[in-house]
Every structure is written in C-alpha cells, then in structure tokens.
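Everything on this sheet refers to the single structure shown next.
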Amino acid sequence: MRHFGYLAPEEREALFHREPGEFTAASPARTLATALGATLYSPATRPRLADDIVRQAGRGVVSMVLCLEDSIDDADVPGAEENLVRQFADLAGRDADASLPLLFIRVRTPRQIPDLARRLGRAGRLLTGFVLPKFTEERGVPFLEAMLAAEHGCGRRLFAMPVLESPELLHLETRTETLAGIARTVDKYRDRVLALRLGVTDFCSAYGLRRAPDMTAYDVQLVASAIADVVNVLGRADGTGFTVTGPVWEYFRQHERMFKPQLRRSPFAGSAEALRTALIEHDIDGLLREIELDRANGLQGKTCIHPSHVAPVHALSVVSHEEFSDAEDILRPGRDGGGVLRSAYTNKMNEVKPHRAWAERTMLRAEAFGVAREDVSFVELLAAGVRSA
C-alpha cells in the first residue's frame with residue numbers, strides 16, 4: 001500500500017517531487033508508525049464491515065481500528081465479536097490482502113485478545129494488532145502479555161497501540177507517577193508498541209468538558225497540558241520516545257461532498273487561506289488548525305471517526321518542498337560536526353545539530369507521505385484527495 005496510491009500515476013507525478021513510498025504490514029515498525037496517517041475508527045457492529053474496509057482502502061485509508069469498546073453498547077459486545085469473526089473471514093476469502101489497510105481491533109479486556117485471535121483462525125493473518133484502552137502500568141501489562149500470548153499462538157507479529165486516556169493521567173496529583181509507570185511498561189514491550197494514541201474525549205469527560213468546532217484540543221488548557229506532558233515523557237527524539245498520534249476531531253458534516261465544487265474553482269487554485277475560508281462553514285477549518293498544532297507539538301497522524309477527515313490529515317502530512325530542502329541540507333554527509341546554514345529558500349537559519357532530529361523525522365515522513373513539488377501546496381493535495389473520495 002502507499003499513500004495517494006488511488007491517484008493515477010500521471011497525477012502523482014504532477015503533485016510530487018518525491019512520491020510516497022510503498023509499505024506493507026511486514027514493514028519495519030518505525031515505517032508503519034510514521035505511515036499510520038489518519039487512523040479511521042469503525043464500530044465492530046457494522047453489518048457490512050468488510051465492504052466498508054475495502055471501500056475506505058480505495059479512498060486512501062491505510063489504517064483502521066475496529067472498535068469493541070466505547071463506540072458500542074455493553075450489551076452488543078458478544079454480537080460485535082461474532083460479527084468481526086464473520087467479516088474477517090469474508091475479507092480473507094476475497095484474496096485482496098494487498099489492498100487492505102492495517103487493521104487493529106480495539107478490545108475492552110485482556111481476555112478478548114487471545115480469544116479473538118483463536119476465533120479468527122487463518123483470517124487472523126489480516127490483523128496488524130490491538131488497541132488497548134485506558135492504558136496505565138497496572139492495566140496495561142495484562143493486555144500486552146495477552147497480546148504476546150496471542151502472537152505466539154498465531155505465529156505472526158502483532159502490534160499494540162495503547163490509548164492514553166485514563167483520569168490518572170489527567171489529574172495533576174497522579175500524572176507524574178502514571179506517566180512514569182506507562183513509560184516503564186511501554187519501554188519493556190518496546191518491540192511491540194507501534195504508537196501511543198491520545199484519548200482526548202475521555203480527558204474532557206473527566207471534567208464535563210467538550211470543545212466547540214471552532215476550538216482545537218490545544219485551546220482546552222487541561223487537555224493541552226496533558227498532551228505536553230505525554231510528549232515530554234514519551235515522545236522524545238533521543239531514541240527513547242514513541243510515535244504519539246493526534247487526538248480525535250469529533251465534528252463532521254454528513255454531506256462532506258458539498259465542498260468539492262469549491263475546490264475546483266479558480267480562486268482556490270493557489271491560496272490556502274481562500275480554501276480555509278471556504279471550509280469554515282463545513283466544520284473543517286478547526287480540523288486543519290488542530291492538525292497543524294498536532295505537528296507543532298510533536299504528534300504524528302490522527303485518530304479519525306469520519307471518512308471526510310482522512311484527506312485533510314494526509315494532505316497536511318505531505319512534506320513540503322521547502323521542508324524537504326531544509327532537511328536534506330541539514331543531513332547532508334560531512335555535516336555531522338555542526339554549523340549554521342542559510343536555507344535554500346533564503347528565509348531561515350538551519351542549524352545542523354539542533355535541527356538534526358527534526359530533519360530525520362521529516363525524512364521519515366517524506367518516505368511515507370512523499371514530498372510535494374515546489375509549486376504544489378496543501379490546496380492541490382487536498383483537492384486531489386477530495387475528488388477521489
């Protein structure tokens with residue numbers, strides 16, 4: 001699979017200075033963690049889930065979470081589990097593994113992991129891993145041990161994506177201890193922890209809060225402080241950190257195709273600000289600002305609950321030509337000793353040692369999402385994604 005793989009080769013060539021690379025479920029964990037992009041959640045109760053997965057893959061989704069937890073009623077869990085087993089069997093029978101997204105199951109309890117792995121049988125080869133809810137040291141270890149047992153039973157690599165959403169992580173008096181415990185746990189199981197996901201809706205719930213569509217998670221100071229501390233402890237760029245993904249954006253319009261004609265009109269051809277103006281009325285402007293703030297605060301990718309969010313997340317994940325030029329200059333062989341460089345765009349200072357970690361992370365993103373041509377902006381990339389949805 002590859003990002004923007006749904007575009008015709010000539011369209012990709014027109015948009016990209018360097019096209020997105022291909023990857024599979026067997027690719028290195030570092031590659032997969034960067035490439036997750038917009039991870040689309042879907043309730044495991046959906047009766048045509050297999051069809052949904054195939055359809056979303058065709059629209060550019062490369063990672064999906066099939067949820068047995070908060071998205072479904074407690075009474076529906078047994079039926080949802082049975083549905084998952086049926087839908088995986090359906091997918092396995094279609095013989096189209098290469099076109100499927102990375103598939104994860106969000107469970108409620110540790111015992112579900114080996115039980116589902118057993119019930120999936122041979123169709124379990126389509127499973128990339130499990131999403132572990134309300135993760136702390138005490139609750140997380142049984143989940144991870146259950147996943148390792150399931151991995152041993154099915155004979156293939158499985159990844160965990162813990163969700164950081166517990167009240168202990170938000171409350172000031174328990175945050176430091178909770179973060180330290182999470183850090184100990186994920187470090188012990190480092191080879192099997194693909195990414196850490198932020199459960200901002202649960203954070204807000206602990207205080208009876210809900211952000212409006214014109215506000216980002218970073219406007220809610222309780223949430224912003226927790227995100228900052230998570231990245232501080234768990235997202236470091238010194239080799240000890242993990243990929244931490246952006247929080248869910250919970251607003252959408254049922255008729256997201258309404259803004260497609262606006263993207264084709266000439267006034268939007270080269271102006272990101274004009275595009276923003278056009279999208280404000282469609283509850284997308286807040287999402288765009290939050291994606292930008294995610295990146296500025298050290299997060300990669302995003303949890304998504306609606307297909308209309310996928311194209312903006314992926315368009316803003318593409319490395320700009322200017323970013324690529326700066327990263328390439330910083331990482332050029334022979335510059336390990338440091339120094340200061342004027343950027344090729346002559347608008348900034350590139351300091352080799354302090355900017356090296358940023359450059360390395362940018363190059364990883366370039367491998368996954370590609371590098372835009374010099375004259376191609378977010379506008380063109382979003383328009384291409386929206387037209388194909």
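Ordering of the structure tokens sets the chain letters (A, B, ...); residue numbers start at 1 within each chain; ligands are numbered from 1 in the order shown.
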Mind listing the strand (DSSP E) residues of segment 152-243 of chain A, per DSSP on the backbone, as a PDB file with all heavy atoms, in the first residue's frame?
```pdb
ATOM      1  N   PHE A 159       1.080  -5.885  16.787  1.00  0.00           N
ATOM      2  CA  PHE A 159       1.461  -4.637  17.425  1.00  0.00           C
ATOM      3  C   PHE A 159       0.360  -4.148  18.354  1.00  0.00           C
ATOM      4  O   PHE A 159      -0.832  -4.362  18.102  1.00  0.00           O
ATOM      5  CB  PHE A 159       1.725  -3.548  16.378  1.00  0.00           C
ATOM      6  CG  PHE A 159       3.039  -3.695  15.669  1.00  0.00           C
ATOM      7  CD1 PHE A 159       3.080  -3.965  14.315  1.00  0.00           C
ATOM      8  CD2 PHE A 159       4.234  -3.554  16.363  1.00  0.00           C
ATOM      9  CE1 PHE A 159       4.284  -4.091  13.645  1.00  0.00           C
ATOM     10  CE2 PHE A 159       5.453  -3.684  15.710  1.00  0.00           C
ATOM     11  CZ  PHE A 159       5.482  -3.949  14.348  1.00  0.00           C
ATOM     12  N   ALA A 160       0.786  -3.446  19.404  1.00  0.00           N
ATOM     13  CA  ALA A 160      -0.150  -2.798  20.316  1.00  0.00           C
ATOM     14  C   ALA A 160      -0.136  -1.297  20.085  1.00  0.00           C
ATOM     15  O   ALA A 160       0.909  -0.708  19.788  1.00  0.00           O
ATOM     16  CB  ALA A 160       0.232  -3.093  21.765  1.00  0.00           C
ATOM     17  N   MET A 161      -1.312  -0.683  20.222  1.00  0.00           N
ATOM     18  CA  MET A 161      -1.406   0.772  20.263  1.00  0.00           C
ATOM     19  C   MET A 161      -2.169   1.141  21.534  1.00  0.00           C
ATOM     20  O   MET A 161      -3.399   1.163  21.551  1.00  0.00           O
ATOM     21  CB  MET A 161      -2.096   1.325  19.010  1.00  0.00           C
ATOM     22  CG  MET A 161      -1.260   1.169  17.747  1.00  0.00           C
ATOM     23  SD  MET A 161      -1.708   2.305  16.409  1.00  0.00           S
ATOM     24  CE  MET A 161      -3.330   1.679  15.947  1.00  0.00           C
ATOM     25  N   PRO A 162      -1.444   1.399  22.638  1.00  0.00           N
ATOM     26  CA  PRO A 162      -2.107   1.818  23.880  1.00  0.00           C
ATOM     27  C   PRO A 162      -2.772   3.174  23.723  1.00  0.00           C
ATOM     28  O   PRO A 162      -2.246   4.067  23.045  1.00  0.00           O
ATOM     29  CB  PRO A 162      -0.943   1.898  24.873  1.00  0.00           C
ATOM     30  CG  PRO A 162       0.153   1.061  24.283  1.00  0.00           C
ATOM     31  CD  PRO A 162       0.003   1.214  22.798  1.00  0.00           C
ATOM     32  N   VAL A 163      -3.930   3.337  24.355  1.00  0.00           N
ATOM     33  CA  VAL A 163      -4.630   4.620  24.359  1.00  0.00           C
ATOM     34  C   VAL A 163      -4.427   5.271  25.723  1.00  0.00           C
ATOM     35  O   VAL A 163      -4.767   4.699  26.762  1.00  0.00           O
ATOM     36  CB  VAL A 163      -6.137   4.453  24.081  1.00  0.00           C
ATOM     37  CG1 VAL A 163      -6.798   5.824  23.955  1.00  0.00           C
ATOM     38  CG2 VAL A 163      -6.361   3.654  22.805  1.00  0.00           C
ATOM     39  N   LEU A 164      -3.866   6.476  25.706  1.00  0.00           N
ATOM     40  CA  LEU A 164      -3.617   7.217  26.939  1.00  0.00           C
ATOM     41  C   LEU A 164      -4.821   8.115  27.184  1.00  0.00           C
ATOM     42  O   LEU A 164      -4.965   9.168  26.555  1.00  0.00           O
ATOM     43  CB  LEU A 164      -2.328   8.025  26.799  1.00  0.00           C
ATOM     44  CG  LEU A 164      -1.105   7.237  26.309  1.00  0.00           C
ATOM     45  CD1 LEU A 164       0.136   8.105  26.323  1.00  0.00           C
ATOM     46  CD2 LEU A 164      -0.890   5.968  27.134  1.00  0.00           C
ATOM     47  N   LEU A 196       1.470   5.379  20.422  1.00  0.00           N
ATOM     48  CA  LEU A 196       0.622   5.714  21.558  1.00  0.00           C
ATOM     49  C   LEU A 196      -0.451   6.671  21.084  1.00  0.00           C
ATOM     50  O   LEU A 196      -0.161   7.672  20.426  1.00  0.00           O
ATOM     51  CB  LEU A 196       1.453   6.370  22.665  1.00  0.00           C
ATOM     52  CG  LEU A 196       2.676   5.579  23.143  1.00  0.00           C
ATOM     53  CD1 LEU A 196       3.468   6.384  24.159  1.00  0.00           C
ATOM     54  CD2 LEU A 196       2.250   4.239  23.740  1.00  0.00           C
ATOM     55  N   ARG A 197      -1.698   6.380  21.421  1.00  0.00           N
ATOM     56  CA  ARG A 197      -2.820   7.191  20.971  1.00  0.00           C
ATOM     57  C   ARG A 197      -3.386   7.985  22.137  1.00  0.00           C
ATOM     58  O   ARG A 197      -3.487   7.478  23.253  1.00  0.00           O
ATOM     59  CB  ARG A 197      -3.898   6.318  20.330  1.00  0.00           C
ATOM     60  CG  ARG A 197      -3.361   5.320  19.295  1.00  0.00           C
ATOM     61  CD  ARG A 197      -4.438   4.856  18.334  1.00  0.00           C
ATOM     62  NE  ARG A 197      -4.806   5.933  17.421  1.00  0.00           N
ATOM     63  CZ  ARG A 197      -4.184   6.162  16.259  1.00  0.00           C
ATOM     64  NH1 ARG A 197      -3.166   5.415  15.874  1.00  0.00           N
ATOM     65  NH2 ARG A 197      -4.579   7.154  15.485  1.00  0.00           N
ATOM     66  N   LEU A 198      -3.763   9.229  21.881  1.00  0.00           N
ATOM     67  CA  LEU A 198      -4.308  10.105  22.912  1.00  0.00           C
ATOM     68  C   LEU A 198      -5.838  10.061  22.905  1.00  0.00           C
ATOM     69  O   LEU A 198      -6.460  10.261  21.857  1.00  0.00           O
ATOM     70  CB  LEU A 198      -3.843  11.540  22.683  1.00  0.00           C
ATOM     71  CG  LEU A 198      -2.388  11.839  23.041  1.00  0.00           C
ATOM     72  CD1 LEU A 198      -1.961  13.168  22.444  1.00  0.00           C
ATOM     73  CD2 LEU A 198      -2.198  11.852  24.547  1.00  0.00           C
TER      74      LEU A 198
END
```
Checklist entry - Within 10 Å of Asp115 of chain A, counting only C-alpha atoms, which residues qualify if same-chain residues fewer than 3 places away don't, as a PyMOL selection string? => result chain A and resi 81+110-112+118-120+146+150
Item to check | Within 9 Å of Pro307 of chain A using only C-alpha atoms, minus same-chain residues under 5 positions, as a VMD selection string | outcome: chain A and resid 40 56 59 61 389
Could you take the residues named above and write them with C-alpha atoms, as a PDB file, in the first residue's frame?
```
ATOM      1  CA  LEU A  40     -10.175   5.588  10.893  1.00  0.00           C
ATOM      2  CA  GLN A  56     -12.182   3.030   2.583  1.00  0.00           C
ATOM      3  CA  ARG A  59     -10.277   6.089  -0.807  1.00  0.00           C
ATOM      4  CA  VAL A  61      -7.288   4.901   4.284  1.00  0.00           C
ATOM      5  CA  ALA A 389     -13.258  10.205  -2.061  1.00  0.00           C
TER       6      ALA A 389
END
```
Checklist entry - At what distance in Å, to one decimal, does atom CA of Asp202 of chain A lie from atom CA of Val244 of chain A? => result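 Interatomic distance, atom CA of Val244 of chain A to atom CA of Asp202 of chain A: 16.5 Å.
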Checklist entry - Got a sec to tell me which of segment 115-359 of chain A DSSP assigns to alpha helix (DSSP H), as number ranges by chain? => result A: 115-120, 137-154, 167-170, 172-188, 200-205, 221-234, 260-264, 272-280, 285-296, 310-317, 321-330, 356-359
Checklist entry - Given the choices A:Pro247, A:Gly60, A:Gly121, A:Pro114, which gets closest to Val85 of chain A if the distance is worked out from only C-alpha atoms? => result A:Gly121
Next on the checklist: When you look at His17 of chain A with a cut-off of 6 Å (counting only C-alpha atoms), what residues show up, excluding the ones that are within fewer than 5 positions of it in the same chain? I need them as JSON, numbers by chain.
Outcome noted: {"A": [371, 372, 373]}
Let me see the file: selected residues, N, CA, C and O atoms, as a compact mmCIF listing (two decimals), in the first residue's frame.
```txt
# COMPACT_ATOMS: atom_id res chain seq x y z
N VAL A 371 6.99 14.01 -1.00
CA VAL A 371 7.41 15.42 -0.98
C VAL A 371 6.70 16.14 -2.11
O VAL A 371 6.76 15.71 -3.27
N ALA A 372 6.01 17.21 -1.80
CA ALA A 372 5.28 17.96 -2.82
C ALA A 372 6.25 18.69 -3.75
O ALA A 372 7.35 19.08 -3.35
N ARG A 373 5.83 18.89 -4.97
CA ARG A 373 6.61 19.72 -5.89
C ARG A 373 6.64 21.15 -5.37
O ARG A 373 5.79 21.57 -4.59
```
Item to check | Contacts of Asp73 of chain A at 12 Å (only C-alpha atoms; same-chain gap of 5+ positions) as number ranges by chain | outcome: A: 43-45, 67-68, 78-80, 108
Expected file contents, prior selection, N, CA and C atoms, as an mmCIF file, in the first residue's frame:
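Below is the file that was written, selection.cif:
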```cif
data_model
loop_
_atom_site.group_PDB
_atom_site.id
_atom_site.type_symbol
_atom_site.label_atom_id
_atom_site.label_comp_id
_atom_site.auth_asym_id
_atom_site.auth_seq_id
_atom_site.Cartn_x
_atom_site.Cartn_y
_atom_site.Cartn_z
ATOM 1 N N PRO A 43 -17.168 1.176 14.394
ATOM 2 C CA PRO A 43 -17.749 0.214 15.337
ATOM 3 C C PRO A 43 -17.727 -1.190 14.755
ATOM 4 N N ALA A 44 -17.394 -2.163 15.570
ATOM 5 C CA ALA A 44 -17.317 -3.547 15.102
ATOM 6 C C ALA A 44 -18.681 -4.158 14.841
ATOM 7 N N THR A 45 -19.740 -3.413 15.116
ATOM 8 C CA THR A 45 -21.099 -3.915 14.900
ATOM 9 C C THR A 45 -21.593 -3.704 13.475
ATOM 10 N N CYS A 67 -13.727 -1.244 16.482
ATOM 11 C CA CYS A 67 -13.860 -0.954 17.906
ATOM 12 C C CYS A 67 -14.898 -1.821 18.604
ATOM 13 N N LEU A 68 -14.466 -2.465 19.682
ATOM 14 C CA LEU A 68 -15.347 -3.221 20.569
ATOM 15 C C LEU A 68 -15.552 -2.501 21.893
ATOM 16 N N PRO A 78 -20.881 -9.225 22.618
ATOM 17 C CA PRO A 78 -20.822 -10.584 22.061
ATOM 18 C C PRO A 78 -21.168 -10.629 20.576
ATOM 19 N N GLY A 79 -22.214 -9.904 20.186
ATOM 20 C CA GLY A 79 -22.596 -9.869 18.782
ATOM 21 C C GLY A 79 -21.544 -9.200 17.924
ATOM 22 N N ALA A 80 -20.888 -8.168 18.451
ATOM 23 C CA ALA A 80 -19.836 -7.475 17.711
ATOM 24 C C ALA A 80 -18.639 -8.394 17.492
ATOM 25 N N ARG A 108 -11.780 -4.528 24.973
ATOM 26 C CA ARG A 108 -12.151 -3.997 26.295
ATOM 27 C C ARG A 108 -11.323 -4.633 27.399
#
```
Next on the checklist: Could you check the closest approach to Met147 of chain A for each of A:Ala29, A:Leu179, A:Val54, A:Val107 and tell me which residue wins, using only C-alpha atoms?
Outcome noted: A:Val107
Next on the checklist: Taking 6 positions as the minimum chain separation for residues in the same chain, which residues sit within 10 Å of Leu293 of chain A when counting only C-alpha atoms? Answer as a ChimeraX atom specification.
Outcome noted: /A:216-218,246,287,299
Next on the checklist: Given only C-alpha atoms as the basis, pick out the residue of A:Leu126, A:Ala344, A:Cys204, A:Glu322 nearest to Gln221 of chain A.
Outcome noted: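 Closest to Gln221 of chain A, using only C-alpha atoms: A:Cys204.
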Item to check | Long-range neighbours of Thr243 of chain A as number ranges by chain, 12 Å cut-off, only C-alpha atoms, 6 positions minimum in chain | outcome: A: 29-37, 161-162, 186, 190, 193-198, 230-231, 233-237, 295, 298-302, 361, 364-365
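Remark: for Glu323 of chain A, the closest of the candidate residues A:Cys304, A:Leu288, A:Val340, A:Ala366 is A:Ala366 (distances computed over only C-alpha atoms).
Across the model, the gap from atom CA of Val223 of chain A to atom CA of Ala183 of chain A is 19.4 Å.
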